[in-house]
file entry-v4.txt (compact mmCIF, C-alpha atoms)
# COMPACT_ATOMS: atom_id res chain seq x y z
CA MET J 1 -11.54 -4.82 7.36
CA THR J 2 -14.10 -3.09 5.14
CA VAL J 3 -15.09 -4.51 1.76
CA LEU J 4 -14.70 -1.82 -0.94
CA TYR J 5 -15.57 -3.88 -4.03
CA GLU J 6 -16.66 -7.42 -4.77
CA ASP J 7 -17.78 -9.45 -7.76
CA ASN J 8 -17.55 -13.11 -8.80
CA HIS J 9 -13.79 -12.99 -9.38
CA ILE J 10 -12.24 -10.33 -7.16
CA ILE J 11 -12.64 -8.66 -3.79
CA ALA J 12 -10.97 -5.48 -2.52
CA VAL J 13 -10.83 -4.45 1.13
CA ASN J 14 -9.67 -1.40 3.09
CA LYS J 15 -6.87 -2.66 5.32
CA ASN J 16 -6.27 -1.23 8.79
CA SER J 17 -2.69 -0.42 9.75
CA SER J 18 -2.64 -3.26 12.29
CA GLU J 19 -3.63 -6.01 9.83
CA ILE J 20 -1.36 -8.31 7.84
CA VAL J 21 -2.12 -9.35 4.28
CA GLN J 22 -0.48 -12.78 4.45
CA GLY J 23 0.48 -15.07 7.32
CA ASP J 24 3.82 -14.34 9.00
CA LYS J 25 5.87 -15.35 12.06
CA THR J 26 3.55 -13.40 14.40
CA GLY J 27 0.85 -16.02 13.92
CA ASP J 28 -1.79 -13.27 13.68
CA GLU J 29 -4.71 -13.99 11.37
CA PRO J 30 -3.99 -12.52 7.93
CA LEU J 31 -6.57 -10.72 5.80
CA SER J 32 -6.58 -13.65 3.36
CA GLU J 33 -8.02 -15.86 6.13
CA THR J 34 -10.45 -13.18 7.35
CA ILE J 35 -11.79 -12.88 3.80
CA LYS J 36 -12.15 -16.66 3.48
CA LYS J 37 -14.31 -16.67 6.62
CA TYR J 38 -16.34 -13.72 5.31
CA LEU J 39 -16.96 -15.46 1.95
CA LYS J 40 -17.79 -18.79 3.58
CA GLU J 41 -20.39 -17.15 5.81
CA LYS J 42 -21.83 -14.75 3.22
CA TYR J 43 -22.37 -17.43 0.56
CA ASN J 44 -22.87 -20.37 2.94
CA LYS J 45 -20.10 -22.27 1.17
CA PRO J 46 -19.23 -25.81 2.19
CA GLY J 47 -15.57 -26.86 2.21
CA GLU J 48 -12.54 -24.74 1.38
CA VAL J 49 -12.96 -21.18 0.11
CA PHE J 50 -10.48 -19.74 -2.40
CA CYS J 51 -8.80 -16.40 -1.70
CA GLY J 52 -5.62 -15.56 -3.62
CA VAL J 53 -3.16 -12.86 -2.58
CA THR J 54 -2.26 -10.65 -5.57
CA HIS J 55 -0.08 -8.02 -3.85
CA ARG J 56 0.89 -6.88 -0.36
CA LEU J 57 0.96 -3.82 1.87
CA ASP J 58 3.36 -3.48 4.79
CA ARG J 59 1.67 -4.12 8.13
CA PRO J 60 1.78 -0.48 9.34
CA VAL J 61 0.27 0.79 6.06
CA SER J 62 -3.49 1.21 5.53
CA GLY J 63 -5.58 1.19 2.36
CA VAL J 64 -6.88 -0.83 -0.55
CA VAL J 65 -5.76 -4.44 -1.04
CA LEU J 66 -6.99 -6.61 -3.90
CA PHE J 67 -7.60 -10.37 -3.61
CA ALA J 68 -8.69 -12.96 -6.16
CA LYS J 69 -11.76 -15.16 -5.57
CA THR J 70 -10.94 -17.55 -8.45
CA SER J 71 -7.71 -19.16 -9.65
CA LYS J 72 -8.29 -17.68 -13.13
CA ALA J 73 -8.44 -14.16 -11.71
CA LEU J 74 -5.37 -14.81 -9.53
CA THR J 75 -3.22 -15.95 -12.47
CA ARG J 76 -4.21 -12.97 -14.59
CA LEU J 77 -3.83 -10.44 -11.77
CA ASN J 78 -0.40 -11.82 -10.86
CA ASP J 79 0.69 -11.23 -14.46
CA MET J 80 -0.83 -7.74 -14.45
CA PHE J 81 1.03 -6.75 -11.28
CA LYS J 82 4.25 -8.23 -12.65
CA ASN J 83 3.85 -6.29 -15.90
CA GLN J 84 2.99 -3.07 -14.04
CA GLU J 85 -0.50 -2.93 -15.58
CA VAL J 86 -2.08 -2.04 -12.23
CA LYS J 87 -1.97 1.66 -11.35
CA LYS J 88 -1.50 2.25 -7.61
CA THR J 89 -1.87 5.64 -5.93
CA TYR J 90 -0.67 6.23 -2.37
CA TRP J 91 -1.08 9.12 0.04
CA ALA J 92 1.75 9.93 2.46
CA LEU J 93 1.83 12.48 5.28
CA VAL J 94 5.25 14.03 5.92
CA LYS J 95 6.40 16.77 8.30
CA GLU J 96 9.20 18.19 6.12
CA LYS J 97 8.25 20.17 3.03
CA PRO J 98 9.72 18.53 -0.10
CA ALA J 99 12.23 20.65 -2.03
CA LEU J 100 10.05 20.38 -5.16
CA PRO J 101 6.23 20.33 -5.29
CA GLU J 102 6.44 17.38 -7.67
CA ALA J 103 9.24 15.16 -8.90
CA ARG J 104 10.29 11.70 -10.01
CA LEU J 105 12.63 9.84 -7.68
CA GLU J 106 15.08 7.20 -8.90
CA HIS J 107 17.23 5.24 -6.46
CA TYR J 108 18.89 1.87 -6.07
CA LEU J 109 17.52 -0.04 -3.08
CA VAL J 110 19.38 -2.66 -1.08
CA ARG J 111 17.30 -4.79 1.26
CA ASN J 112 18.62 -5.78 4.68
CA GLU J 113 16.73 -8.94 5.64
CA LYS J 114 17.94 -8.95 9.27
CA GLN J 115 16.77 -5.41 9.95
CA ASN J 116 13.74 -5.74 7.63
CA LYS J 117 14.74 -2.45 6.08
CA SER J 118 15.88 -1.08 2.72
CA VAL J 119 18.58 1.51 2.05
CA ALA J 120 18.37 3.88 -0.93
CA HIS J 121 21.49 4.74 -2.94
CA ASP J 122 21.91 7.34 -5.68
CA LYS J 123 24.15 5.08 -7.76
CA ILE J 124 24.25 1.37 -8.54
CA VAL J 125 25.75 -0.70 -5.72
CA PRO J 126 26.02 -4.51 -5.31
CA ASN J 127 22.70 -6.33 -4.79
CA ALA J 128 20.69 -3.16 -5.47
CA LYS J 129 17.41 -3.02 -7.36
CA ALA J 130 16.32 0.03 -9.33
CA ALA J 131 13.36 1.86 -7.78
CA ALA J 132 11.30 4.70 -9.24
CA LEU J 133 8.27 6.67 -8.14
CA SER J 134 6.73 10.07 -8.76
CA TYR J 135 5.10 12.31 -6.19
CA ARG J 136 3.26 15.60 -6.04
CA LEU J 137 2.30 17.81 -3.14
CA ILE J 138 -1.52 18.01 -3.06
CA ALA J 139 -2.32 19.63 0.34
CA ASN J 140 -0.75 20.95 3.51
CA SER J 141 -1.66 22.02 7.03
CA ASP J 142 0.42 24.10 9.45
CA SER J 143 2.50 21.06 10.38
CA TYR J 144 2.18 18.42 7.68
CA TYR J 145 2.28 17.92 3.91
CA LEU J 146 0.21 15.44 1.92
CA LEU J 147 2.02 13.78 -0.98
CA GLU J 148 0.31 11.74 -3.69
CA VAL J 149 2.66 8.99 -4.79
CA HIS J 150 2.61 6.82 -7.92
CA LEU J 151 4.79 3.73 -7.90
CA GLU J 152 6.63 2.63 -11.03
CA THR J 153 8.35 -0.33 -9.36
CA GLY J 154 7.33 -2.45 -6.39
CA ARG J 155 10.36 -2.74 -4.12
CA HIS J 156 10.56 -3.59 -0.42
CA HIS J 157 9.52 -0.52 1.65
CA GLN J 158 10.02 1.55 -1.48
CA ILE J 159 7.89 4.62 -0.69
CA ARG J 160 9.05 4.73 2.93
CA CYS J 161 12.70 4.42 1.92
CA GLN J 162 12.69 6.84 -1.04
CA LEU J 163 10.76 9.60 0.74
CA ALA J 164 13.11 9.31 3.74
CA LYS J 165 16.09 9.52 1.37
CA MET J 166 14.84 12.89 0.08
CA GLY J 167 14.47 14.15 3.66
CA CYS J 168 10.75 13.53 4.10
CA PRO J 169 10.24 10.45 6.32
CA ILE J 170 6.59 9.43 6.65
CA LYS J 171 4.78 10.45 9.85
CA GLY J 172 5.11 7.73 12.46
CA ASP J 173 7.76 5.74 10.57
CA LEU J 174 10.50 5.35 13.20
CA LYS J 175 12.31 2.77 11.06
CA TYR J 176 13.00 5.41 8.41
CA GLY J 177 13.80 8.35 10.62
CA PHE J 178 10.57 9.96 11.83
CA ALA J 179 10.96 11.26 15.40
CA ARG J 180 7.77 9.86 16.97
CA SER J 181 5.51 6.87 16.49
CA ASN J 182 1.79 7.23 15.74
CA PRO J 183 -0.62 6.39 18.60
CA ASN J 184 -1.95 3.32 16.73
CA GLY J 185 1.53 2.01 15.91
CA GLY J 186 0.93 2.46 12.17
CA ILE J 187 2.50 4.94 9.77
CA SER J 188 0.77 7.68 7.78
CA LEU J 189 1.00 5.91 4.43
CA HIS J 190 -2.32 4.97 2.81
CA ALA J 191 -2.93 2.99 -0.37
CA ARG J 192 -5.55 5.41 -1.68
CA GLN J 193 -6.53 3.98 -5.04
CA ILE J 194 -6.05 1.06 -7.38
CA GLU J 195 -6.96 1.09 -11.07
CA PHE J 196 -6.84 -1.82 -13.52
CA ILE J 197 -8.62 -3.65 -16.31
CA HIS J 198 -10.76 -6.41 -14.78
CA PRO J 199 -9.03 -9.77 -15.42
CA VAL J 200 -12.25 -11.41 -16.67
CA SER J 201 -14.82 -8.76 -17.71
CA LYS J 202 -12.13 -6.42 -19.17
CA GLN J 203 -13.93 -3.41 -17.68
CA LEU J 204 -11.91 -0.55 -16.18
CA ILE J 205 -12.08 -0.85 -12.38
CA GLN J 206 -11.13 2.00 -10.06
CA ILE J 207 -11.30 1.42 -6.31
CA THR J 208 -10.71 4.20 -3.76
CA ALA J 209 -10.10 3.55 -0.06
CA PRO J 210 -11.34 6.13 2.48
CA VAL J 211 -8.64 7.25 4.92
CA PRO J 212 -8.59 5.75 8.46
CA GLU J 213 -11.80 6.97 10.11
CA ASN J 214 -10.29 7.14 13.61
CA ASP J 215 -7.48 9.53 12.57
CA LYS J 216 -8.44 13.23 12.74
CA LEU J 217 -5.41 14.37 10.75
CA TRP J 218 -6.19 12.01 7.87
CA LEU J 219 -9.84 13.04 7.88
CA ALA J 220 -8.87 16.73 7.77
CA PHE J 221 -6.59 16.16 4.78
CA GLU J 222 -9.21 14.09 2.95
CA LYS J 223 -11.58 17.09 3.14
CA MET J 224 -8.90 19.41 1.71
CA VAL J 225 -8.36 17.44 -1.50
call {"tool": "encode", "arguments": {"input": "entry-v4.txt", "output": "structure tokens"}}
result
Amino acid sequence: MTVLYEDNHIIAVNKNSSEIVQGDKTGDEPLSETIKKYLKEKYNKPGEVFCGVTHRLDRPVSGVVLFAKTSKALTRLNDMFKNQEVKKTYWALVKEKPALPEARLEHYLVRNEKQNKSVAHDKIVPNAKAAALSYRLIANSDSYYLLEVHLETGRHHQIRCQLAKMGCPIKGDLKYGFARSNPNGGISLHARQIEFIHPVSKQLIQITAPVPENDKLWLAFEKMV
């Protein structure tokens, strides 16, 4: 965990692909608890420390995650995420070249709880939720393509599912059809940037997360852009 931004009301960190944002059945320590310990030590705080989860990233995904340090900030940020007032930019590495250099994808996603997976459909089906994103091709090497993705909706595994549906599964994502896993067990999807109006100061905040520093392919692509 690396702190990317911090003030009195919010804190943003760069999540590693192995970390979880919130507690789950694994029992592993979530980032929310790691941050509480960090804040308690840094500010020598007695008693309970507040750290509110405002959004999530899948465990195998890296990148910027925003937390609230006050209940006021948490309430306002929750509303902002719900109203799609937070602009999120992702980077995804894929092996297959997309048919179009940029496009908007619209699908209907059905979540399978047992398999912890979503399936994308072209038309409305029972229990489906509409999902939309836009992507553009911003760099490529001999073997891989870097897509910049902007989410319009926040569905379960949305980017992973929609890119796989168009024939471009994310590098390392076995669940959605990529042939091989990544050495670190993560997938090559990175929450690159988050942009929003600060919930208290009303200033425009833009936070960018460096790519994983132990991944040569990511580092090479970061230099290209």
call {"tool": "residues_around", "arguments": {"input": "entry-v4.txt", "residues": "J:Val94", "least_positions_apart": "4", "cutoff": "9 Å", "atoms": "only C-alpha atoms", "output": "NGL selection string"}}
result
:J and (98 or 143-147 or 163 or 168-171 or 178 or 188)
call {"tool": "atom_distance", "arguments": {"input": "entry-v4.txt", "atom1": "atom CA of J:Glu148", "atom2": "atom CA of J:Tyr135"}}
result
5.4 Å
call {"tool": "closest_residue", "arguments": {"input": "entry-v4.txt", "among": "J:Lys114, J:Lys97, J:Arg76, J:Arg180", "to": "J:Ile138", "atoms": "only C-alpha atoms"}}
result
J:Lys97
call {"tool": "residues_around", "arguments": {"input": "entry-v4.txt", "residues": "J:Ser201", "least_positions_apart": "2", "cutoff": "12 Å", "atoms": "all atoms listed in the file", "output": "list in words"}}
result
Asp7, Asn8, His9, Ile10, Lys72, Ala73, Arg76, Phe196, Ile197, His198, Pro199, Gln203, Leu204 and Ile205 of chain J
call {"tool": "atom_distance", "arguments": {"input": "entry-v4.txt", "atom1": "atom CA of J:Gly47", "atom2": "atom CA of J:Leu31"}}
result
18.8 Å
call {"tool": "closest_residue", "arguments": {"input": "entry-v4.txt", "among": "J:Ala128, J:Leu189, J:Val3, J:Leu174", "to": "J:Leu66", "atoms": "only C-alpha atoms"}}
result
J:Val3
call {"tool": "residues_around", "arguments": {"input": "entry-v4.txt", "residues": "J:Met166", "least_positions_apart": "5", "cutoff": "12 Å", "atoms": "only C-alpha atoms", "output": "PDB file with C-alpha atoms, in the frame of the given file"}}
result
ATOM      1  CA  VAL J  94       5.250  14.030   5.920  1.00  0.00           C
ATOM      2  CA  GLU J  96       9.200  18.190   6.120  1.00  0.00           C
ATOM      3  CA  LYS J  97       8.250  20.170   3.030  1.00  0.00           C
ATOM      4  CA  PRO J  98       9.720  18.530  -0.100  1.00  0.00           C
ATOM      5  CA  ALA J  99      12.230  20.650  -2.030  1.00  0.00           C
ATOM      6  CA  LEU J 100      10.050  20.380  -5.160  1.00  0.00           C
ATOM      7  CA  ALA J 103       9.240  15.160  -8.900  1.00  0.00           C
ATOM      8  CA  ARG J 104      10.290  11.700 -10.010  1.00  0.00           C
ATOM      9  CA  LEU J 105      12.630   9.840  -7.680  1.00  0.00           C
ATOM     10  CA  GLU J 106      15.080   7.200  -8.900  1.00  0.00           C
ATOM     11  CA  HIS J 107      17.230   5.240  -6.460  1.00  0.00           C
ATOM     12  CA  ALA J 120      18.370   3.880  -0.930  1.00  0.00           C
ATOM     13  CA  HIS J 121      21.490   4.740  -2.940  1.00  0.00           C
ATOM     14  CA  ASP J 122      21.910   7.340  -5.680  1.00  0.00           C
ATOM     15  CA  TYR J 135       5.100  12.310  -6.190  1.00  0.00           C
ATOM     16  CA  ILE J 159       7.890   4.620  -0.690  1.00  0.00           C
ATOM     17  CA  ARG J 160       9.050   4.730   2.930  1.00  0.00           C
ATOM     18  CA  CYS J 161      12.700   4.420   1.920  1.00  0.00           C
ATOM     19  CA  TYR J 176      13.000   5.410   8.410  1.00  0.00           C
ATOM     20  CA  GLY J 177      13.800   8.350  10.620  1.00  0.00           C
TER      21      GLY J 177
END
call {"tool": "closest_residue", "arguments": {"input": "entry-v4.txt", "among": "J:Asn83, J:Asn16, J:Val110, J:Ser118", "to": "J:Asn214", "atoms": "all atoms listed in the file"}}
result
J:Asn16
call {"tool": "closest_residue", "arguments": {"input": "entry-v4.txt", "among": "J:Ser32, J:Ser71, J:Ser141, J:Thr2", "to": "J:Pro210", "atoms": "all atoms listed in the file"}}
result
J:Thr2
call {"tool": "residues_around", "arguments": {"input": "entry-v4.txt", "residues": "J:Pro183", "least_positions_apart": "5", "cutoff": "12 Å", "atoms": "all atoms listed in the file", "output": "JSON, numbers by chain"}}
result
{"J": [17, 18, 60, 171, 172, 173, 188, 214, 215, 216]}
call {"tool": "write_last_selection", "arguments": {"input": "entry-v4.txt", "atoms": "C-alpha atoms", "output": "JSON list (two decimals), in the coordinates of the input"}}
result
[["chain", "number", "residue", "atom", "x", "y", "z"],
["J", 17, "SER", "CA", -2.69, -0.42, 9.75],
["J", 18, "SER", "CA", -2.64, -3.26, 12.29],
["J", 60, "PRO", "CA", 1.78, -0.48, 9.34],
["J", 171, "LYS", "CA", 4.78, 10.45, 9.85],
["J", 172, "GLY", "CA", 5.11, 7.73, 12.46],
["J", 173, "ASP", "CA", 7.76, 5.74, 10.57],
["J", 188, "SER", "CA", 0.77, 7.68, 7.78],
["J", 214, "ASN", "CA", -10.29, 7.14, 13.61],
["J", 215, "ASP", "CA", -7.48, 9.53, 12.57],
["J", 216, "LYS", "CA", -8.44, 13.23, 12.74]]
call {"tool": "residues_around", "arguments": {"input": "entry-v4.txt", "residues": "J:Asn78", "least_positions_apart": "6", "cutoff": "12 Å", "atoms": "all atoms listed in the file", "output": "count of residues only"}}
result
14
call {"tool": "closest_residue", "arguments": {"input": "entry-v4.txt", "among": "J:Arg59, J:Lys25, J:His156, J:Lys223", "to": "J:Val119", "atoms": "all atoms listed in the file"}}
result
J:His156
